[in-house]
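Structure data (TSV, C-alpha atoms (C1' of nucleotides)) from input_24.tsv:
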chain	number	residue	atom	x	y	z
A	229	MET	CA	-24.22	-27.08	-10.35
A	230	LYS	CA	-26.00	-24.23	-8.65
A	231	PRO	CA	-24.33	-20.87	-8.34
A	232	LEU	CA	-22.70	-19.53	-5.20
A	233	THR	CA	-23.50	-16.22	-3.55
A	234	ILE	CA	-20.81	-13.68	-2.86
A	235	GLY	CA	-20.93	-14.58	0.83
A	236	GLN	CA	-20.25	-18.22	0.01
A	237	VAL	CA	-17.25	-17.59	-2.22
A	238	ALA	CA	-15.90	-15.11	0.30
A	239	GLN	CA	-16.21	-17.57	3.13
A	240	LYS	CA	-14.88	-20.56	1.18
A	241	SER	CA	-11.84	-18.69	-0.08
A	242	GLY	CA	-11.20	-16.82	3.14
A	243	VAL	CA	-11.40	-13.45	1.42
A	244	ASN	CA	-13.40	-10.51	2.77
A	245	ILE	CA	-16.72	-10.08	0.98
A	246	GLU	CA	-15.92	-6.44	0.21
A	247	THR	CA	-12.66	-7.54	-1.31
A	248	VAL	CA	-14.51	-9.85	-3.69
A	249	ARG	CA	-16.54	-6.88	-4.92
A	250	PHE	CA	-13.34	-4.84	-5.13
A	251	TYR	CA	-11.65	-7.51	-7.25
A	252	GLU	CA	-14.63	-7.62	-9.59
A	253	ARG	CA	-14.47	-3.84	-9.99
A	254	GLU	CA	-10.74	-4.10	-10.66
A	255	ALA	CA	-11.30	-6.88	-13.21
A	256	LEU	CA	-9.36	-9.52	-11.32
A	257	LEU	CA	-12.59	-11.44	-11.37
A	258	PRO	CA	-14.87	-11.43	-14.41
A	259	LYS	CA	-18.14	-9.52	-14.00
A	260	ALA	CA	-20.36	-12.02	-12.24
A	261	ASP	CA	-23.73	-13.06	-13.68
A	262	ARG	CA	-26.70	-11.70	-11.80
A	263	SER	CA	-29.90	-13.32	-10.57
A	264	ALA	CA	-33.27	-11.75	-11.37
A	265	SER	CA	-33.01	-9.71	-8.18
A	266	GLY	CA	-29.49	-8.54	-8.92
A	267	TYR	CA	-27.50	-10.94	-6.73
A	268	ARG	CA	-24.10	-11.98	-8.07
A	269	GLN	CA	-23.85	-15.64	-9.09
A	270	PHE	CA	-20.42	-17.27	-8.88
A	271	ASP	CA	-19.28	-20.73	-9.74
A	272	GLU	CA	-16.77	-22.92	-7.91
A	273	SER	CA	-13.85	-21.80	-10.06
A	274	THR	CA	-14.07	-18.36	-8.49
A	275	ILE	CA	-12.77	-19.84	-5.26
A	276	ASP	CA	-9.65	-21.14	-7.04
A	277	ARG	CA	-9.19	-17.77	-8.63
A	278	LEU	CA	-9.40	-15.98	-5.29
A	279	THR	CA	-6.95	-18.44	-3.77
A	280	PHE	CA	-4.57	-17.87	-6.64
A	281	ILE	CA	-4.77	-14.11	-6.15
A	282	GLN	CA	-3.96	-14.43	-2.45
A	283	ARG	CA	-0.92	-16.59	-3.11
A	284	ALA	CA	0.37	-14.49	-5.94
A	285	LYS	CA	0.12	-11.45	-3.69
A	286	GLU	CA	2.21	-13.19	-1.04
A	287	LEU	CA	4.83	-13.71	-3.71
A	288	GLY	CA	5.10	-10.02	-4.38
A	289	PHE	CA	3.02	-9.76	-7.55
A	290	THR	CA	0.90	-6.62	-7.76
A	291	LEU	CA	-2.77	-6.84	-8.64
A	292	ASN	CA	-1.93	-5.66	-12.12
A	293	GLU	CA	0.67	-8.36	-12.60
A	294	ILE	CA	-1.80	-10.93	-11.28
A	295	LYS	CA	-4.35	-9.71	-13.78
A	296	GLU	CA	-1.80	-10.29	-16.53
A	297	LEU	CA	-0.98	-13.76	-15.24
A	298	LEU	CA	-4.65	-14.68	-15.16
A	299	ALA	CA	-5.14	-13.40	-18.66
A	300	LEU	CA	-2.42	-15.61	-20.15
A	301	ARG	CA	-3.96	-18.35	-22.24
A	302	VAL	CA	-3.70	-19.72	-25.70
A	303	GLU	CA	-6.22	-17.94	-27.88
A	304	PRO	CA	-7.72	-19.56	-30.95
A	305	SER	CA	-6.36	-16.70	-33.03
A	306	SER	CA	-2.89	-15.77	-34.14
A	307	ARG	CA	-1.89	-14.18	-30.86
A	308	CYS	CA	0.12	-17.22	-29.91
A	309	ALA	CA	3.56	-15.69	-30.29
A	310	ASP	CA	2.47	-12.75	-28.18
A	311	VAL	CA	1.12	-14.95	-25.41
A	312	LYS	CA	4.26	-17.01	-25.53
A	313	SER	CA	6.58	-14.07	-25.14
A	314	ARG	CA	4.56	-12.61	-22.27
A	315	ALA	CA	4.57	-15.99	-20.55
A	316	GLU	CA	8.31	-16.29	-21.04
A	317	ALA	CA	8.83	-12.89	-19.45
A	318	LYS	CA	6.81	-14.01	-16.44
A	319	ILE	CA	8.84	-17.22	-16.25
A	320	ALA	CA	12.02	-15.16	-16.16
A	321	ASP	CA	10.59	-13.02	-13.34
A	322	ILE	CA	9.69	-16.15	-11.43
A	323	ASP	CA	13.15	-17.66	-11.93
A	324	ASP	CA	14.67	-14.49	-10.50
A	325	LYS	CA	12.45	-14.67	-7.48
A	326	ILE	CA	13.30	-18.32	-6.91
A	327	ARG	CA	17.02	-17.62	-7.19
A	328	THR	CA	16.89	-14.80	-4.68
A	329	LEU	CA	14.79	-16.86	-2.27
A	330	ARG	CA	17.27	-19.70	-2.47
A	331	ARG	CA	20.11	-17.39	-1.57
A	332	MET	CA	18.17	-16.00	1.36
A	333	LYS	CA	17.39	-19.50	2.48
A	334	ASN	CA	21.03	-20.56	2.26
A	335	ALA	CA	22.03	-17.62	4.42
A	336	LEU	CA	19.43	-18.53	7.03
A	337	VAL	CA	20.41	-22.19	7.02
A	338	LYS	CA	24.00	-21.16	7.55
A	339	LEU	CA	22.88	-18.92	10.39
A	340	THR	CA	21.04	-21.72	12.17
A	341	GLY	CA	24.13	-23.89	11.77
A	342	GLU	CA	26.23	-21.27	13.49
A	343	CYS	CA	23.91	-21.49	16.44
A	344	ASP	CA	25.31	-24.95	17.17
A	345	GLY	CA	28.91	-23.88	16.81
A	346	ARG	CA	31.00	-20.86	17.57
A	347	GLY	CA	29.62	-17.30	17.27
A	348	SER	CA	28.38	-15.45	14.25
A	349	THR	CA	30.64	-15.04	11.25
A	350	SER	CA	28.99	-11.78	10.30
A	351	GLU	CA	27.28	-8.76	11.78
A	352	CYS	CA	24.28	-9.32	9.52
A	353	PRO	CA	24.50	-12.80	8.01
A	354	ILE	CA	21.53	-12.54	5.71
A	355	LEU	CA	23.18	-9.73	3.79
A	356	ASP	CA	25.88	-12.17	2.75
A	357	ALA	CA	23.20	-13.98	0.79
A	358	LEU	CA	22.89	-11.27	-1.78
A	359	ASN	CA	26.49	-10.22	-2.20
A	360	PRO	CA	28.10	-13.00	-4.14
B	260	MET	CA	37.31	4.51	4.51
B	261	LYS	CA	35.53	7.80	4.40
B	262	PRO	CA	31.82	7.97	5.01
B	263	LEU	CA	29.19	8.36	2.33
B	264	THR	CA	26.51	11.05	2.27
B	265	ILE	CA	22.87	10.20	2.00
B	266	GLY	CA	22.88	11.30	-1.63
B	267	GLN	CA	25.70	8.88	-2.40
B	268	VAL	CA	24.08	5.83	-0.83
B	269	ALA	CA	20.78	6.73	-2.47
B	270	GLN	CA	22.36	7.01	-5.86
B	271	LYS	CA	24.55	3.90	-5.54
B	272	SER	CA	21.69	1.73	-4.36
B	273	GLY	CA	19.13	3.21	-6.71
B	274	VAL	CA	16.83	4.18	-3.85
B	275	ASN	CA	15.17	7.58	-3.54
B	276	ILE	CA	16.93	9.82	-1.02
B	277	GLU	CA	13.68	10.43	0.85
B	278	THR	CA	13.21	6.69	1.10
B	279	VAL	CA	16.59	6.34	2.79
B	280	ARG	CA	15.48	8.81	5.46
B	281	PHE	CA	12.17	7.00	5.71
B	282	TYR	CA	13.93	3.65	6.25
B	283	GLU	CA	16.08	5.15	8.97
B	284	ARG	CA	12.98	6.48	10.71
B	285	GLU	CA	11.36	3.06	10.39
B	286	ALA	CA	14.48	1.37	11.77
B	287	LEU	CA	15.22	-0.64	8.63
B	288	LEU	CA	18.53	1.17	8.69
B	289	PRO	CA	20.37	1.89	11.94
B	290	LYS	CA	20.45	5.56	13.00
B	291	ALA	CA	23.30	6.97	10.98
B	292	ASP	CA	26.20	8.75	12.61
B	293	ARG	CA	26.27	12.50	12.09
B	294	SER	CA	29.00	14.88	11.07
B	295	ALA	CA	29.66	18.04	13.11
B	296	SER	CA	27.15	19.88	10.95
B	297	GLY	CA	24.48	17.21	11.28
B	298	TYR	CA	24.95	15.39	7.97
B	299	ARG	CA	24.33	11.63	8.05
B	300	GLN	CA	27.42	9.48	7.55
B	301	PHE	CA	26.92	6.06	6.00
B	302	ASP	CA	29.34	3.31	5.21
B	303	GLU	CA	29.43	1.00	2.19
B	304	SER	CA	27.42	-1.72	3.89
B	305	THR	CA	24.37	0.54	3.81
B	306	ILE	CA	24.22	0.05	0.07
B	307	ASP	CA	24.01	-3.73	0.48
B	308	ARG	CA	21.33	-3.30	3.06
B	309	LEU	CA	19.28	-1.08	0.78
B	310	THR	CA	19.69	-3.56	-2.06
B	311	PHE	CA	18.57	-6.35	0.21
B	312	ILE	CA	15.48	-4.41	1.23
B	313	GLN	CA	14.52	-3.80	-2.40
B	314	ARG	CA	14.83	-7.46	-3.30
B	315	ALA	CA	13.04	-8.71	-0.24
B	316	LYS	CA	10.17	-6.35	-1.07
B	317	GLU	CA	9.93	-7.79	-4.56
B	318	LEU	CA	9.57	-11.18	-2.93
B	319	GLY	CA	6.52	-10.08	-1.01
B	320	PHE	CA	8.09	-9.44	2.39
B	321	THR	CA	6.67	-6.45	4.24
B	322	LEU	CA	8.98	-3.85	5.75
B	323	ASN	CA	8.30	-5.35	9.17
B	324	GLU	CA	9.27	-8.83	7.99
B	325	ILE	CA	12.39	-7.40	6.40
B	326	LYS	CA	13.28	-5.73	9.66
B	327	GLU	CA	12.99	-9.12	11.36
B	328	LEU	CA	15.15	-10.79	8.71
B	329	LEU	CA	17.83	-8.13	9.10
B	330	ALA	CA	17.78	-8.52	12.85
B	331	LEU	CA	18.50	-12.26	12.74
B	332	ARG	CA	22.01	-12.96	13.92
B	333	VAL	CA	23.75	-15.07	16.48
B	334	GLU	CA	24.08	-13.07	19.66
B	335	PRO	CA	26.86	-13.70	22.13
B	336	SER	CA	24.24	-14.36	24.78
B	337	SER	CA	21.87	-17.22	25.38
B	338	ARG	CA	19.34	-16.14	22.77
B	339	CYS	CA	20.57	-18.71	20.33
B	340	ALA	CA	17.59	-21.03	20.53
B	341	ASP	CA	15.29	-18.09	19.95
B	342	VAL	CA	17.21	-16.87	16.91
B	343	LYS	CA	17.29	-20.39	15.57
B	344	SER	CA	13.56	-20.88	15.81
B	345	ARG	CA	12.82	-17.51	14.23
B	346	ALA	CA	15.22	-18.31	11.41
B	347	GLU	CA	13.61	-21.69	10.92
B	348	ALA	CA	10.19	-20.07	10.66
B	349	LYS	CA	11.53	-17.75	7.95
B	350	ILE	CA	13.06	-20.70	6.15
B	351	ALA	CA	9.68	-22.41	6.14
B	352	ASP	CA	8.06	-19.26	4.71
B	353	ILE	CA	10.69	-19.14	2.02
B	354	ASP	CA	10.23	-22.80	1.14
B	355	ASP	CA	6.51	-22.18	0.72
B	356	LYS	CA	7.17	-19.28	-1.59
B	357	ILE	CA	9.60	-21.33	-3.65
B	358	ARG	CA	7.12	-24.19	-3.93
B	359	THR	CA	4.33	-21.93	-5.11
B	360	LEU	CA	6.60	-20.18	-7.59
B	361	ARG	CA	7.68	-23.51	-9.03
B	362	ARG	CA	4.09	-24.51	-9.58
B	363	MET	CA	3.34	-21.21	-11.27
B	364	LYS	CA	6.38	-21.65	-13.44
B	365	ASN	CA	5.38	-25.18	-14.43
B	366	ALA	CA	1.96	-23.92	-15.46
B	367	LEU	CA	3.51	-21.20	-17.61
B	368	VAL	CA	6.01	-23.56	-19.18
B	369	LYS	CA	3.16	-25.90	-20.03
B	370	LEU	CA	1.28	-22.95	-21.51
B	371	THR	CA	4.15	-21.93	-23.78
B	372	GLY	CA	4.40	-25.56	-24.89
B	373	GLU	CA	0.77	-25.54	-25.92
B	374	CYS	CA	1.52	-22.62	-28.17
B	375	ASP	CA	3.47	-24.94	-30.42
B	376	GLY	CA	0.81	-27.61	-30.47
B	377	ARG	CA	-2.96	-27.75	-30.46
B	378	GLY	CA	-5.09	-25.24	-28.54
B	379	SER	CA	-5.34	-24.54	-24.86
B	380	THR	CA	-6.18	-27.34	-22.49
B	381	SER	CA	-7.82	-24.97	-20.06
B	382	GLU	CA	-9.72	-21.73	-19.87
B	383	CYS	CA	-7.20	-20.36	-17.39
B	384	PRO	CA	-4.11	-22.55	-17.41
B	385	ILE	CA	-2.28	-20.87	-14.57
B	386	LEU	CA	-5.02	-21.73	-12.14
B	387	ASP	CA	-4.22	-25.41	-12.72
B	388	ALA	CA	-0.87	-24.71	-11.11
B	389	LEU	CA	-2.33	-24.22	-7.69
B	390	ASN	CA	-5.01	-26.91	-7.65
B	391	PRO	CA	-3.13	-30.14	-7.36
C	214	DA	C1'	-46.38	-11.29	6.88
C	215	DT	C1'	-42.41	-10.63	9.34
C	216	DC	C1'	-37.81	-11.22	11.09
C	217	DG	C1'	-32.99	-12.18	10.59
C	218	DA	C1'	-29.56	-13.05	7.58
C	219	DC	C1'	-28.19	-11.99	3.47
C	220	DC	C1'	-27.47	-8.99	-0.93
C	221	DC	C1'	-27.11	-4.35	-3.53
C	222	DT	C1'	-24.68	0.41	-4.60
C	223	DG	C1'	-22.13	4.25	-3.28
C	224	DT	C1'	-18.98	6.67	-0.77
C	225	DA	C1'	-15.73	7.29	2.78
C	226	DC	C1'	-11.98	5.84	5.26
C	227	DC	C1'	-7.70	3.10	6.47
C	228	DA	C1'	-2.65	1.13	6.52
C	229	DT	C1'	1.47	0.61	4.07
C	230	DG	C1'	5.19	2.42	1.73
C	231	DC	C1'	6.76	5.85	-0.14
C	232	DT	C1'	7.52	10.86	-2.39
C	233	DA	C1'	7.36	15.77	-2.44
C	234	DC	C1'	7.70	20.16	-0.83
C	235	DA	C1'	8.79	24.31	2.35
C	236	DG	C1'	11.96	26.70	4.81
C	237	DG	C1'	16.42	26.77	6.24
C	238	DG	C1'	21.55	25.48	6.95
C	239	DT	C1'	26.35	23.60	4.80
C	240	DC	C1'	30.13	23.03	1.65
C	241	DA	C1'	33.47	23.76	-1.85
C	242	DA	C1'	34.80	25.47	-6.42
C	243	DG	C1'	35.83	29.69	-8.66
D	25	DC	C1'	32.61	35.43	-0.46
D	26	DT	C1'	29.21	34.04	-3.44
D	27	DT	C1'	26.68	30.56	-5.85
D	28	DG	C1'	25.02	26.00	-6.81
D	29	DA	C1'	24.65	21.59	-5.24
D	30	DC	C1'	23.91	19.35	-1.43
D	31	DC	C1'	22.05	18.39	3.53
D	32	DC	C1'	18.61	19.07	7.50
D	33	DT	C1'	13.68	18.67	9.75
D	34	DG	C1'	9.17	18.95	9.52
D	35	DT	C1'	4.69	18.02	7.42
D	36	DA	C1'	1.68	17.00	3.61
D	37	DG	C1'	0.22	14.24	-0.24
D	38	DC	C1'	-0.05	10.02	-3.15
D	39	DA	C1'	-0.83	5.07	-4.98
D	40	DT	C1'	-2.07	0.57	-3.82
D	41	DG	C1'	-4.99	-2.61	-1.82
D	42	DG	C1'	-8.27	-3.01	0.73
D	43	DT	C1'	-12.28	-2.37	4.61
D	44	DA	C1'	-16.33	-0.23	6.57
D	45	DC	C1'	-20.53	1.83	6.76
D	46	DA	C1'	-25.18	3.93	5.25
D	47	DG	C1'	-29.34	3.30	3.22
D	48	DG	C1'	-32.05	0.20	1.00
D	49	DG	C1'	-33.83	-4.30	-1.23
D	50	DT	C1'	-34.34	-9.85	-1.04
D	51	DC	C1'	-34.98	-14.49	0.73
D	52	DG	C1'	-36.65	-18.12	3.42
D	53	DA	C1'	-38.00	-20.16	7.71
D	54	DT	C1'	-41.61	-19.51	11.16
For the file at hand, write its structure as structure tokens.
Amino acid sequence: MKPLTIGQVAQKSGVNIETVRFYEREALLPKADRSASGYRQFDESTIDRLTFIQRAKELGFTLNEIKELLALRVEPSSRCADVKSRAEAKIADIDDKIRTLRRMKNALVKLTGECDGRGSTSECPILDALNP
Amino acid sequence: MKPLTIGQVAQKSGVNIETVRFYEREALLPKADRSASGYRQFDESTIDRLTFIQRAKELGFTLNEIKELLALRVEPSSRCADVKSRAEAKIADIDDKIRTLRRMKNALVKLTGECDGRGSTSECPILDALNP
DNA sequence: ATCGACCCTGTACCATGCTACAGGGTCAAG
DNA sequence: CTTGACCCTGTAGCATGGTACAGGGTCGAT
């Protein structure tokens, strides 16, 4: 399949073209191949990668954490145990995030329920979510 | 119960003292009462609020979004439908975050499983998580 | 061959969310 | 009544994550 220009990946992923260059500089994207005239040549997978970065950012991961997530893969060498323990640490982080989000959600659901009944049960209902 | 100084709430919540002042300026905390000599006087609930802000930040909410979350409560007036729809929008945001986190987690769990078996099934396994 | 739309590098600038003084007042233990 | 630990209000500076040119080259349709 023929390569995509930076403008095409930017447009297809909804990311600013300057941001694509920025991510390459910051190693969130691999250094792109270049055409004879120096144009960057991307393939389709870059779009997925950019989409992933956007979503991970929305979830509160920093660019450095995202870089680590993207780097996690089983290597042919002996690094397996290392990869596994880093992945398990990320899984624990994610579980924490999910737990906290669920508690926030419960508080908000409770709040909307109170709308149909008597008044509020708390000055700031969402705070109840995080004080078990 | 006697009021807490800014140093006490900062220390108990693990937030920098300057950040507490910053949050007050930015209206993430209500304007604190003042003693005769101008010292801020906080109560215990401020610590919960600061804790909430820290966690919500880790989940990718901006300070403005957090301010909105903290403001959600059932008012005695007729604003109930408004509060309810704002809360429902936040719930939808949270559900999205949870869904994406679950997919990331599944990808990582799969990755750690591959460690015990044959090699990787993908160049960048975590990307599979978000391309259904 | 030329015009508009695109690409390159480099550097500067921006918003968000803090964090760190400077310069000065307050409080309480000894 | 002093001394050290705290508080106050500015205002300045920093890290992160972009975003925006300037100045110049490339590509392809006409």
Between A:Cys352, A:Ile322, A:Leu291, A:Ala309, which one has atoms that come closest to D:DG41, using only C-alpha atoms (C1' of nucleotides)?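 Smallest distance to D:DG41 is found for A:Leu291.
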With a cut-off of 12 Å and counting all atoms listed in the file, select all residues of chain B in contact with chain C and give the selection as a PyMOL selection string. chain B and resi 274-282+285+294-298+313+316+321-323
Which is closest to A:Asp271 among A:Ile319, A:Thr328, A:Asp356, A:Leu257, if we use all atoms listed in the file?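 Nearest candidate to A:Asp271 out of A:Ile319, A:Thr328, A:Asp356, A:Leu257: A:Leu257.
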Å distance separating atom CA of B:Leu329 from atom CA of A:Glu286, one decimal place: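 Pair atom CA of B:Leu329 / atom CA of A:Glu286 returns 19.3 Å.
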Please identify all residues of chain D having at least one atom at most 10 Å from any atom of chain B, considering only C-alpha atoms (C1' of nucleotides), and return them as a ChimeraX atom specification. /D:30-32
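Coordinates place atom CA of B:Glu373 at a distance of 16.3 Å from atom CA of A:Ala317.
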Could you state the separation of atom CA of B:Lys349 and atom CA of B:Ala315 in Å, given to one decimal place?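 Between atom CA of B:Lys349 and atom CA of B:Ala315 the gap is 12.3 Å.
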Specify as an mmCIF file with C-alpha atoms, keeping the file's coordinate frame all residues of chain B found within 6 Å of chain A, counting all atoms listed in the file.
data_model
loop_
_atom_site.group_PDB
_atom_site.id
_atom_site.type_symbol
_atom_site.label_atom_id
_atom_site.label_comp_id
_atom_site.auth_asym_id
_atom_site.auth_seq_id
_atom_site.Cartn_x
_atom_site.Cartn_y
_atom_site.Cartn_z
ATOM 1 C CA GLU B 317 9.930 -7.790 -4.560
ATOM 2 C CA LEU B 318 9.570 -11.180 -2.930
ATOM 3 C CA GLY B 319 6.520 -10.080 -1.010
ATOM 4 C CA VAL B 333 23.750 -15.070 16.480
ATOM 5 C CA CYS B 339 20.570 -18.710 20.330
ATOM 6 C CA LYS B 343 17.290 -20.390 15.570
ATOM 7 C CA ILE B 350 13.060 -20.700 6.150
ATOM 8 C CA ILE B 357 9.600 -21.330 -3.650
ATOM 9 C CA LYS B 364 6.380 -21.650 -13.440
ATOM 10 C CA THR B 371 4.150 -21.930 -23.780
ATOM 11 C CA CYS B 374 1.520 -22.620 -28.170
ATOM 12 C CA SER B 379 -5.340 -24.540 -24.860
#
Assuming the input is short of atoms at stretch 260-280 of chain A, produce N, CA and C atoms for that part as a compact mmCIF listing (two decimals), keeping the file's coordinate frame.
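Generated output (rebuild.txt):
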# COMPACT_ATOMS: atom_id res chain seq x y z
N ALA A 260 -19.53 -10.86 -12.56
CA ALA A 260 -20.36 -12.02 -12.24
C ALA A 260 -21.74 -11.90 -12.89
N ASP A 261 -22.32 -13.04 -13.26
CA ASP A 261 -23.73 -13.06 -13.68
C ASP A 261 -24.59 -12.58 -12.52
N ARG A 262 -25.79 -12.17 -12.84
CA ARG A 262 -26.70 -11.70 -11.80
C ARG A 262 -28.00 -12.50 -11.84
N SER A 263 -28.57 -12.71 -10.66
CA SER A 263 -29.90 -13.32 -10.57
C SER A 263 -30.94 -12.27 -10.95
N ALA A 264 -32.19 -12.68 -11.03
CA ALA A 264 -33.27 -11.75 -11.37
C ALA A 264 -33.27 -10.55 -10.42
N SER A 265 -32.96 -10.80 -9.17
CA SER A 265 -33.01 -9.71 -8.18
C SER A 265 -31.69 -8.97 -8.05
N GLY A 266 -30.73 -9.31 -8.91
CA GLY A 266 -29.49 -8.54 -8.92
C GLY A 266 -28.36 -9.14 -8.10
N TYR A 267 -28.57 -10.29 -7.51
CA TYR A 267 -27.50 -10.94 -6.73
C TYR A 267 -26.44 -11.51 -7.67
N ARG A 268 -25.18 -11.38 -7.28
CA ARG A 268 -24.10 -11.98 -8.07
C ARG A 268 -24.17 -13.50 -7.97
N GLN A 269 -23.85 -14.18 -9.08
CA GLN A 269 -23.85 -15.64 -9.09
C GLN A 269 -22.48 -16.13 -9.53
N PHE A 270 -21.78 -16.79 -8.61
CA PHE A 270 -20.42 -17.27 -8.88
C PHE A 270 -20.43 -18.78 -9.06
N ASP A 271 -19.43 -19.28 -9.76
CA ASP A 271 -19.28 -20.73 -9.74
C ASP A 271 -18.02 -21.10 -8.96
N GLU A 272 -17.84 -22.40 -8.76
CA GLU A 272 -16.77 -22.92 -7.91
C GLU A 272 -15.39 -22.38 -8.31
N SER A 273 -15.19 -22.19 -9.59
CA SER A 273 -13.85 -21.80 -10.06
C SER A 273 -13.43 -20.45 -9.49
N THR A 274 -14.40 -19.66 -9.08
CA THR A 274 -14.07 -18.36 -8.49
C THR A 274 -13.23 -18.53 -7.23
N ILE A 275 -13.52 -19.60 -6.50
CA ILE A 275 -12.77 -19.84 -5.26
C ILE A 275 -11.29 -20.09 -5.57
N ASP A 276 -11.04 -20.90 -6.62
CA ASP A 276 -9.65 -21.14 -7.04
C ASP A 276 -8.98 -19.84 -7.45
N ARG A 277 -9.74 -19.03 -8.15
CA ARG A 277 -9.19 -17.77 -8.63
C ARG A 277 -8.82 -16.86 -7.46
N LEU A 278 -9.66 -16.80 -6.48
CA LEU A 278 -9.40 -15.98 -5.29
C LEU A 278 -8.19 -16.53 -4.53
N THR A 279 -8.10 -17.83 -4.44
CA THR A 279 -6.95 -18.44 -3.77
C THR A 279 -5.66 -18.11 -4.51
N PHE A 280 -5.73 -18.22 -5.83
CA PHE A 280 -4.57 -17.87 -6.64
C PHE A 280 -4.13 -16.43 -6.38
